[in-house]
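Read the structure below first, then the notes.
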Amino acid sequence: MLIDALAKYPYEGLTRELLSLGMSWVAMNADLNPEPEELADALEGALRSLENKVKAHTSKMGRNDRQSFDKVLRVWFNRSAPETYSELFELVIKETVELIREGRLDPRESLTAIRVEKNGTYLGVDYDGETSKPPGKKAKADHYAILPAIIKQPEYYERQSGFLTPTTGGKVQIRLDPLWFSLVALGFFTGFAGFIGGRYYLMTKPGIEGLWPYEVEDVITRGLLPLTEAGGRGRVSLSTEELYEMKLAMKLAEENRKPPDGVYPVTLHLISLEGQVYTELKTLQLDLSGLSRYLEAYVKRINALNTGGVRMTVELKEGEAKIPKYPLWALVDIAEKELGRGISGDGEMLAYIFVKDLYRAVNSGRKELIEDSVFRLFRQGRALLEGSGRASGELRKVLKAVMWQDHLGVLL
């Protein structure tokens, strides 16, 4: 049932990827052809597993979305629309679980009812709050929910293609019944890696349905969830791909969480409100397997030195507090600051250049390239510290820590 439903969905893109993530919870916790009660239990259990993300901060709905959802939620559940997207998604999933348990919505009927018309695509049954039927020629719009703007608009508008220029062909309105909407919402929570600086970070695993039903649990629970939770908790934002991946892998290493290599690659969708439209600013393929192994070993060796009485941290000021950090962590922070403030002094971009070099060397899997990048930092850092060049006190402090003999040994 799940495989057939996804196969009939007529489009590629973000919505399909979220649907496949939402359906993966059913494949994990119920069956590919679940009975209604099993499906309801799977949706409810998934929402419970994602509780921290459900309560995370998201943006308020725009006026158009709010008005549209207010109308359809009153028809479906006799409820008004909440303020934020996370509240909307949680409400729809919870209420849909009750509809299924009460026998008011038949999952099999819903998942097999897909209709593609010239001016719109209808996913699921025509549900009026009391009865349901397959969508007909006169299906009522207020019996279906439109895709939320934070999902719908990025599939049409990308910054690279020019403002408000469609990138996926003709614009077709996609409408969903409560169950299909719940699966999209569940996929959103699964892939949600933070709403940071006014931007949404969503991670998906295109083609994850190929892992149903036996391998998908490992990829979701040990792979995608640790990645997205690390991004959210660490408030890891994107300045460059190298720094984003380094910071994300560092957070995983700190928490001793080791996603299986089989989770990669994952797709990162960076979505922002540009003007009045949510646009996909970037789409990146992430593979942290090499970085994670290197940084896990780094953390273990640093902690072993600390335990042995060799202090291997450096304090950086954050607000009014001084926070002890591993030297490499501190250098990545300096690199991000360099990008933010631009060129300054004779040590311009030294931290960023080294972090980028190390990133490439580690991902190459070649030890000699790691050695070259470390020795290059040592030579340039020494020239800066012992010469008359200008550099911030913070950079000098971090360079001294990075260039400790014991620390250089760890890096190598």
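In the structure tokens, each chain is lettered A, B, ... as it comes, each chain's residues begin at 1, and ligands are numbered from 1 in order of appearance.
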**Study point:** Nearby residues (only C-alpha atoms) at most 6 Å from stretch 230-242 of chain A, same-chain spacing under 5 positions excluded, as number ranges by chain
**Key:** A: 193-194, 251
Go ahead and dump the residues you just picked, all heavy atoms, as a PDB file, in the first residue's frame.
```pdb
ATOM      1  N   ALA A 193      16.134  20.279  10.791  1.00  0.00           N
ATOM      2  CA  ALA A 193      17.440  20.454  11.425  1.00  0.00           C
ATOM      3  C   ALA A 193      17.619  21.872  11.938  1.00  0.00           C
ATOM      4  O   ALA A 193      18.746  22.338  12.115  1.00  0.00           O
ATOM      5  CB  ALA A 193      18.552  20.109  10.440  1.00  0.00           C
ATOM      6  N   GLY A 194      16.513  22.561  12.180  1.00  0.00           N
ATOM      7  CA  GLY A 194      16.591  23.882  12.797  1.00  0.00           C
ATOM      8  C   GLY A 194      15.960  24.980  11.958  1.00  0.00           C
ATOM      9  O   GLY A 194      15.923  24.903  10.727  1.00  0.00           O
ATOM     10  N   LYS A 251      29.744  18.418  16.325  1.00  0.00           N
ATOM     11  CA  LYS A 251      28.660  18.233  17.287  1.00  0.00           C
ATOM     12  C   LYS A 251      28.372  16.746  17.482  1.00  0.00           C
ATOM     13  O   LYS A 251      28.160  16.289  18.610  1.00  0.00           O
ATOM     14  CB  LYS A 251      27.406  18.952  16.778  1.00  0.00           C
ATOM     15  CG  LYS A 251      26.257  19.003  17.788  1.00  0.00           C
ATOM     16  CD  LYS A 251      26.628  19.827  19.002  1.00  0.00           C
ATOM     17  CE  LYS A 251      25.466  19.923  19.984  1.00  0.00           C
ATOM     18  NZ  LYS A 251      25.859  20.601  21.236  1.00  0.00           N
TER      19      LYS A 251
END
```
**Study point:** A:Ala56, A:Ile323, A:Ile174, A:Leu91 ranked by distance to A:Leu123, top pick (using only C-alpha atoms)
**Key:**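 Result for the nearest residue to A:Leu123: A:Ile174.
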Exercise for review: Would you kindly return, as a PyMOL selection string, each protein, DNA or RNA residue with an atom no farther than 8 Å from any atom of stretch 14-28 of chain A, considering only C-alpha atoms and excluding same-chain residues fewer than 2 positions away?
Suggested key: chain A and resi 2+6+9+11-12+30-32+34+39+42-43+46+151-152+154-155+180+182-188+190-191+204-209+212-214+216-217
Give the alpha helix (DSSP H) residues of stretch 204-313 of chain A, as assigned by DSSP on the backbone, as a tab-separated table (two decimals) with all heavy atoms, in the first residue's frame.
```tsv
chain	number	residue	atom	x	y	z
A	216	VAL	N	15.49	0.56	6.89
A	216	VAL	CA	15.14	1.96	7.06
A	216	VAL	C	15.28	2.43	8.50
A	216	VAL	O	15.65	3.58	8.76
A	216	VAL	CB	13.71	2.23	6.52
A	216	VAL	CG1	12.66	1.52	7.35
A	216	VAL	CG2	13.43	3.72	6.47
A	217	GLU	N	15.01	1.57	9.47
A	217	GLU	CA	15.06	2.00	10.88
A	217	GLU	C	16.45	2.47	11.26
A	217	GLU	O	16.62	3.48	11.95
A	217	GLU	CB	14.61	0.87	11.79
A	217	GLU	CG	14.58	1.28	13.27
A	217	GLU	CD	13.93	0.24	14.15
A	217	GLU	OE1	13.57	-0.85	13.66
A	217	GLU	OE2	13.78	0.53	15.36
A	218	ASP	N	17.48	1.75	10.82
A	218	ASP	CA	18.85	2.14	11.13
A	218	ASP	C	19.18	3.50	10.55
A	218	ASP	O	19.80	4.34	11.21
A	218	ASP	CB	19.81	1.08	10.58
A	218	ASP	CG	21.11	1.02	11.36
A	218	ASP	OD1	21.07	1.20	12.58
A	218	ASP	OD2	22.16	0.81	10.73
A	219	VAL	N	18.74	3.74	9.32
A	219	VAL	CA	19.04	5.01	8.66
A	219	VAL	C	18.30	6.17	9.34
A	219	VAL	O	18.88	7.25	9.52
A	219	VAL	CB	18.67	4.93	7.16
A	219	VAL	CG1	18.71	6.31	6.51
A	219	VAL	CG2	19.63	3.99	6.44
A	225	LEU	N	18.11	11.14	12.30
A	225	LEU	CA	17.73	11.86	13.52
A	225	LEU	C	18.93	12.42	14.28
A	225	LEU	O	18.90	13.59	14.69
A	225	LEU	CB	16.88	10.96	14.43
A	225	LEU	CG	15.47	10.64	13.91
A	225	LEU	CD1	14.68	9.87	14.97
A	225	LEU	CD2	14.71	11.90	13.51
A	226	PRO	N	20.01	11.65	14.49
A	226	PRO	CA	21.19	12.27	15.11
A	226	PRO	C	21.74	13.46	14.33
A	226	PRO	O	22.14	14.46	14.93
A	226	PRO	CB	22.21	11.11	15.14
A	226	PRO	CG	21.37	9.88	15.22
A	226	PRO	CD	20.17	10.19	14.37
A	227	LEU	N	21.74	13.37	13.01
A	227	LEU	CA	22.23	14.48	12.19
A	227	LEU	C	21.37	15.73	12.38
A	227	LEU	O	21.89	16.83	12.62
A	227	LEU	CB	22.23	14.08	10.72
A	227	LEU	CG	23.41	13.27	10.19
A	227	LEU	CD1	23.09	12.72	8.81
A	227	LEU	CD2	24.66	14.13	10.13
A	228	THR	N	20.07	15.57	12.25
A	228	THR	CA	19.18	16.74	12.33
A	228	THR	C	19.12	17.29	13.75
A	228	THR	O	19.05	18.51	13.95
A	228	THR	CB	17.76	16.37	11.86
A	228	THR	OG1	17.29	15.22	12.58
A	228	THR	CG2	17.76	16.05	10.37
A	229	GLU	N	19.16	16.40	14.75
A	229	GLU	CA	19.14	16.87	16.14
A	229	GLU	C	20.42	17.62	16.49
A	229	GLU	O	20.39	18.62	17.21
A	229	GLU	CB	18.92	15.68	17.07
A	229	GLU	CG	17.51	15.12	17.01
A	229	GLU	CD	17.38	13.76	17.67
A	229	GLU	OE1	18.40	13.25	18.19
A	229	GLU	OE2	16.27	13.19	17.65
A	230	ALA	N	21.55	17.14	15.97
A	230	ALA	CA	22.81	17.85	16.20
A	230	ALA	C	22.77	19.23	15.56
A	230	ALA	O	23.23	20.22	16.14
A	230	ALA	CB	23.98	17.04	15.62
A	231	GLY	N	22.22	19.32	14.36
A	231	GLY	CA	22.11	20.61	13.70
A	231	GLY	C	21.22	21.57	14.46
A	231	GLY	O	21.53	22.76	14.59
A	232	GLY	N	20.10	21.06	14.98
A	232	GLY	CA	19.17	21.91	15.72
A	232	GLY	C	19.72	22.33	17.07
A	232	GLY	O	19.68	23.50	17.43
A	233	ARG	N	20.22	21.35	17.85
A	233	ARG	CA	20.73	21.68	19.18
A	233	ARG	C	21.95	22.59	19.11
A	233	ARG	O	22.12	23.48	19.93
A	233	ARG	CB	21.09	20.39	19.93
A	233	ARG	CG	19.93	19.72	20.63
A	233	ARG	CD	20.42	18.74	21.67
A	233	ARG	NE	21.26	17.71	21.07
A	233	ARG	CZ	20.81	16.56	20.59
A	233	ARG	NH1	19.52	16.31	20.62
A	233	ARG	NH2	21.63	15.66	20.08
A	241	GLU	N	29.87	25.41	2.79
A	241	GLU	CA	29.63	23.98	2.94
A	241	GLU	C	30.67	23.34	3.85
A	241	GLU	O	30.35	22.50	4.70
A	241	GLU	CB	29.65	23.31	1.57
A	241	GLU	CG	29.34	21.82	1.62
A	241	GLU	CD	29.27	21.18	0.25
A	241	GLU	OE1	29.30	21.93	-0.75
A	241	GLU	OE2	29.20	19.94	0.17
A	242	GLU	N	31.96	23.76	3.70
A	242	GLU	CA	33.01	23.16	4.52
A	242	GLU	C	32.78	23.41	6.00
A	242	GLU	O	32.87	22.48	6.82
A	242	GLU	CB	34.39	23.73	4.13
A	242	GLU	CG	34.81	23.44	2.71
A	242	GLU	CD	34.48	24.58	1.76
A	242	GLU	OE1	33.61	25.40	2.12
A	242	GLU	OE2	35.07	24.65	0.67
A	243	LEU	N	32.47	24.65	6.37
A	243	LEU	CA	32.27	24.97	7.79
A	243	LEU	C	31.01	24.30	8.33
A	243	LEU	O	31.00	23.84	9.47
A	243	LEU	CB	32.19	26.48	7.98
A	243	LEU	CG	33.49	27.25	7.74
A	243	LEU	CD1	33.28	28.75	7.98
A	243	LEU	CD2	34.61	26.74	8.63
A	244	TYR	N	29.96	24.23	7.52
A	244	TYR	CA	28.72	23.59	7.99
A	244	TYR	C	28.98	22.12	8.30
A	244	TYR	O	28.61	21.61	9.36
A	244	TYR	CB	27.62	23.73	6.94
A	244	TYR	CG	26.30	23.14	7.39
A	244	TYR	CD1	25.45	23.87	8.21
A	244	TYR	CD2	25.92	21.86	7.01
A	244	TYR	CE1	24.25	23.34	8.66
A	244	TYR	CE2	24.71	21.32	7.43
A	244	TYR	CZ	23.88	22.06	8.26
A	244	TYR	OH	22.69	21.52	8.70
A	245	GLU	N	29.64	21.44	7.39
A	245	GLU	CA	29.90	20.01	7.61
A	245	GLU	C	30.86	19.80	8.78
A	245	GLU	O	30.69	18.86	9.57
A	245	GLU	CB	30.46	19.38	6.33
A	245	GLU	CG	29.43	19.29	5.22
A	245	GLU	CD	29.90	18.41	4.07
A	245	GLU	OE1	30.83	17.60	4.28
A	245	GLU	OE2	29.33	18.52	2.97
A	246	MET	N	31.87	20.64	8.91
A	246	MET	CA	32.80	20.50	10.03
A	246	MET	C	32.08	20.69	11.36
A	246	MET	O	32.24	19.90	12.29
A	246	MET	CB	33.92	21.54	9.91
A	246	MET	CG	34.94	21.25	8.83
A	246	MET	SD	36.07	19.89	9.21
A	246	MET	CE	37.18	20.67	10.37
A	247	LYS	N	31.25	21.73	11.45
A	247	LYS	CA	30.55	22.00	12.71
A	247	LYS	C	29.54	20.91	13.05
A	247	LYS	O	29.37	20.53	14.21
A	247	LYS	CB	29.86	23.37	12.63
A	247	LYS	CG	30.85	24.54	12.65
A	247	LYS	CD	30.20	25.84	12.23
A	247	LYS	CE	29.18	26.30	13.21
A	247	LYS	NZ	28.53	27.56	12.78
A	248	LEU	N	28.88	20.40	12.03
A	248	LEU	CA	27.91	19.33	12.26
A	248	LEU	C	28.62	18.05	12.72
A	248	LEU	O	28.19	17.38	13.68
A	248	LEU	CB	27.12	19.07	10.98
A	248	LEU	CG	25.85	18.23	11.08
A	248	LEU	CD1	24.87	18.84	12.07
A	248	LEU	CD2	25.20	18.09	9.71
A	249	ALA	N	29.74	17.71	12.06
A	249	ALA	CA	30.50	16.53	12.46
A	249	ALA	C	31.11	16.70	13.85
A	249	ALA	O	31.22	15.74	14.62
A	249	ALA	CB	31.60	16.25	11.43
A	250	MET	N	31.50	17.92	14.19
A	250	MET	CA	32.02	18.20	15.54
A	250	MET	C	30.96	17.96	16.60
A	250	MET	O	31.22	17.38	17.65
A	250	MET	CB	32.54	19.65	15.61
A	250	MET	CG	33.83	19.88	14.88
A	250	MET	SD	34.25	21.64	14.84
A	250	MET	CE	35.84	21.57	14.03
A	251	LYS	N	29.74	18.42	16.33
A	251	LYS	CA	28.66	18.23	17.29
A	251	LYS	C	28.37	16.75	17.48
A	251	LYS	O	28.16	16.29	18.61
A	251	LYS	CB	27.41	18.95	16.78
A	251	LYS	CG	26.26	19.00	17.79
A	251	LYS	CD	26.63	19.83	19.00
A	251	LYS	CE	25.47	19.92	19.98
A	251	LYS	NZ	25.86	20.60	21.24
A	252	LEU	N	28.38	15.98	16.41
A	252	LEU	CA	28.18	14.53	16.52
A	252	LEU	C	29.29	13.89	17.33
A	252	LEU	O	29.05	13.01	18.16
A	252	LEU	CB	28.13	13.90	15.13
A	252	LEU	CG	26.89	14.21	14.28
A	252	LEU	CD1	27.11	13.74	12.84
A	252	LEU	CD2	25.64	13.56	14.86
A	253	ALA	N	30.54	14.33	17.11
A	253	ALA	CA	31.67	13.77	17.85
A	253	ALA	C	31.57	14.10	19.34
A	253	ALA	O	31.86	13.25	20.19
A	253	ALA	CB	32.99	14.30	17.27
A	254	GLU	N	31.17	15.32	19.66
A	254	GLU	CA	30.98	15.71	21.07
A	254	GLU	C	29.98	14.80	21.76
A	254	GLU	O	30.14	14.44	22.92
A	254	GLU	CB	30.48	17.16	21.15
A	254	GLU	CG	31.50	18.22	20.87
A	254	GLU	CD	30.86	19.60	20.88
A	254	GLU	OE1	29.67	19.70	21.25
A	254	GLU	OE2	31.53	20.57	20.49
A	289	SER	N	30.87	11.00	6.54
A	289	SER	CA	31.46	9.76	7.03
A	289	SER	C	32.95	9.93	7.33
A	289	SER	O	33.43	9.53	8.41
A	289	SER	CB	31.24	8.62	6.03
A	289	SER	OG	31.64	9.00	4.73
A	290	GLY	N	33.73	10.52	6.41
A	290	GLY	CA	35.16	10.70	6.65
A	290	GLY	C	35.43	11.69	7.76
A	290	GLY	O	36.26	11.45	8.65
A	291	LEU	N	34.74	12.82	7.75
A	291	LEU	CA	34.92	13.83	8.80
A	291	LEU	C	34.57	13.26	10.17
A	291	LEU	O	35.27	13.51	11.16
A	291	LEU	CB	34.04	15.05	8.51
A	291	LEU	CG	34.49	16.03	7.44
A	291	LEU	CD1	33.43	17.09	7.23
A	291	LEU	CD2	35.82	16.68	7.83
A	292	SER	N	33.48	12.51	10.25
A	292	SER	CA	33.05	11.97	11.54
A	292	SER	C	34.10	11.03	12.13
A	292	SER	O	34.41	11.09	13.33
A	292	SER	CB	31.70	11.25	11.40
A	292	SER	OG	30.66	12.19	11.22
A	293	ARG	N	34.66	10.16	11.31
A	293	ARG	CA	35.69	9.24	11.81
A	293	ARG	C	36.91	10.00	12.31
A	293	ARG	O	37.47	9.69	13.37
A	293	ARG	CB	36.08	8.24	10.72
A	293	ARG	CG	35.06	7.15	10.49
A	293	ARG	CD	35.61	6.05	9.60
A	293	ARG	NE	35.83	6.51	8.24
A	293	ARG	CZ	34.93	6.45	7.27
A	293	ARG	NH1	33.72	5.98	7.52
A	293	ARG	NH2	35.21	6.89	6.06
A	294	TYR	N	37.34	11.01	11.56
A	294	TYR	CA	38.51	11.81	11.95
A	294	TYR	C	38.25	12.56	13.25
A	294	TYR	O	39.08	12.55	14.17
A	294	TYR	CB	38.85	12.79	10.83
A	294	TYR	CG	40.05	13.66	11.13
A	294	TYR	CD1	41.35	13.20	10.93
A	294	TYR	CD2	39.88	14.96	11.60
A	294	TYR	CE1	42.45	14.01	11.21
A	294	TYR	CE2	40.97	15.77	11.89
A	294	TYR	CZ	42.25	15.30	11.69
A	294	TYR	OH	43.34	16.09	11.98
A	295	LEU	N	37.09	13.20	13.36
A	295	LEU	CA	36.81	14.03	14.53
A	295	LEU	C	36.48	13.18	15.75
A	295	LEU	O	36.73	13.60	16.89
A	295	LEU	CB	35.67	15.00	14.22
A	295	LEU	CG	36.04	16.06	13.16
A	295	LEU	CD1	34.83	16.87	12.75
A	295	LEU	CD2	37.15	16.98	13.68
A	296	GLU	N	35.92	11.99	15.57
A	296	GLU	CA	35.73	11.08	16.71
A	296	GLU	C	37.09	10.70	17.30
A	296	GLU	O	37.27	10.70	18.53
A	296	GLU	CB	35.01	9.81	16.25
A	296	GLU	CG	33.52	9.99	15.98
A	296	GLU	CD	32.96	8.85	15.14
A	296	GLU	OE1	33.63	7.79	15.04
A	296	GLU	OE2	31.85	9.01	14.60
A	297	ALA	N	38.05	10.38	16.43
A	297	ALA	CA	39.40	10.04	16.90
A	297	ALA	C	40.05	11.25	17.56
A	297	ALA	O	40.74	11.11	18.59
A	297	ALA	CB	40.25	9.55	15.73
A	298	TYR	N	39.84	12.44	17.00
A	298	TYR	CA	40.38	13.68	17.57
A	298	TYR	C	39.88	13.87	19.00
A	298	TYR	O	40.66	14.12	19.92
A	298	TYR	CB	39.97	14.86	16.68
A	298	TYR	CG	40.37	16.22	17.20
A	298	TYR	CD1	41.57	16.81	16.82
A	298	TYR	CD2	39.54	16.93	18.06
A	298	TYR	CE1	41.93	18.07	17.29
A	298	TYR	CE2	39.89	18.18	18.54
A	298	TYR	CZ	41.09	18.75	18.15
A	298	TYR	OH	41.44	19.99	18.62
A	299	VAL	N	38.56	13.75	19.20
A	299	VAL	CA	37.98	13.95	20.52
A	299	VAL	C	38.52	12.93	21.52
A	299	VAL	O	38.86	13.27	22.66
A	299	VAL	CB	36.44	13.88	20.45
A	299	VAL	CG1	35.82	13.79	21.84
A	299	VAL	CG2	35.89	15.10	19.72
A	300	LYS	N	38.61	11.68	21.11
A	300	LYS	CA	39.13	10.64	22.02
A	300	LYS	C	40.55	10.94	22.46
A	300	LYS	O	40.90	10.80	23.63
A	300	LYS	CB	39.07	9.27	21.32
A	300	LYS	CG	37.68	8.68	21.21
A	300	LYS	CD	37.71	7.33	20.52
A	300	LYS	CE	36.31	6.75	20.39
A	300	LYS	NZ	36.32	5.46	19.65
A	301	ARG	N	41.39	11.37	21.52
A	301	ARG	CA	42.80	11.62	21.85
A	301	ARG	C	42.96	12.86	22.71
A	301	ARG	O	43.78	12.90	23.62
A	301	ARG	CB	43.62	11.73	20.55
A	301	ARG	CG	43.70	10.40	19.82
A	301	ARG	CD	44.57	10.48	18.57
A	301	ARG	NE	44.70	9.14	18.00
A	301	ARG	CZ	44.37	8.83	16.76
A	301	ARG	NH1	43.88	9.76	15.96
A	301	ARG	NH2	44.52	7.60	16.30
A	302	ILE	N	42.16	13.90	22.42
A	302	ILE	CA	42.20	15.12	23.25
A	302	ILE	C	41.76	14.79	24.67
A	302	ILE	O	42.39	15.20	25.66
A	302	ILE	CB	41.30	16.22	22.66
A	302	ILE	CG1	41.89	16.76	21.35
A	302	ILE	CG2	41.12	17.37	23.66
A	302	ILE	CD1	43.10	17.64	21.52
A	303	ASN	N	40.67	14.03	24.80
A	303	ASN	CA	40.18	13.68	26.13
A	303	ASN	C	41.17	12.81	26.89
A	303	ASN	O	41.30	12.91	28.11
A	303	ASN	CB	38.82	12.98	26.02
A	303	ASN	CG	37.71	13.94	25.62
A	303	ASN	OD1	37.85	15.15	25.75
A	303	ASN	ND2	36.61	13.40	25.10
A	304	ALA	N	41.87	11.94	26.18
A	304	ALA	CA	42.89	11.12	26.82
A	304	ALA	C	44.02	11.99	27.37
A	304	ALA	O	44.52	11.76	28.48
A	304	ALA	CB	43.44	10.09	25.83
A	305	LEU	N	44.42	13.00	26.60
A	305	LEU	CA	45.46	13.92	27.08
A	305	LEU	C	44.98	14.72	28.28
A	305	LEU	O	45.71	14.92	29.25
A	305	LEU	CB	45.88	14.85	25.95
A	305	LEU	CG	46.74	14.23	24.85
A	305	LEU	CD1	46.83	15.16	23.65
A	305	LEU	CD2	48.14	13.91	25.37
A	306	ASN	N	43.72	15.18	28.22
A	306	ASN	CA	43.15	15.91	29.36
A	306	ASN	C	43.14	15.05	30.61
A	306	ASN	O	43.47	15.51	31.71
A	306	ASN	CB	41.73	16.38	29.04
A	306	ASN	CG	41.71	17.59	28.11
A	306	ASN	OD1	42.66	18.36	28.06
A	306	ASN	ND2	40.63	17.75	27.37
A	307	THR	N	42.76	13.79	30.45
A	307	THR	CA	42.73	12.86	31.59
A	307	THR	C	44.13	12.65	32.14
A	307	THR	O	44.32	12.48	33.35
A	307	THR	CB	42.12	11.51	31.15
A	307	THR	OG1	40.81	11.74	30.65
A	307	THR	CG2	42.05	10.54	32.32
```
Exercise for review: With a distance cut-off of 12 Å and only C-alpha atoms, select the neighbouring residues of A:Pro107, excluding the residue or stretch itself and same-chain residues fewer than 3 positions from it, and output the selection as a PyMOL selection string.
Suggested key: chain A and resi 1-2+5+26+33-40+43+96-97+99-104+110-113+123-125+132-133+177-180+182-183
Study note, to complete from the structure: If you count only C-alpha atoms, the residue of A:Arg311, A:Ala330, A:Pro148, A:Gly210 closest to A:Asn64 turns out to be A:Pro148
Point to revise | Contacts of A:Leu385 within 9 Å, only C-alpha atoms, excl. fewer than 6 positions in-chain, as a ChimeraX atom specification | key: /A:391,396,399-400
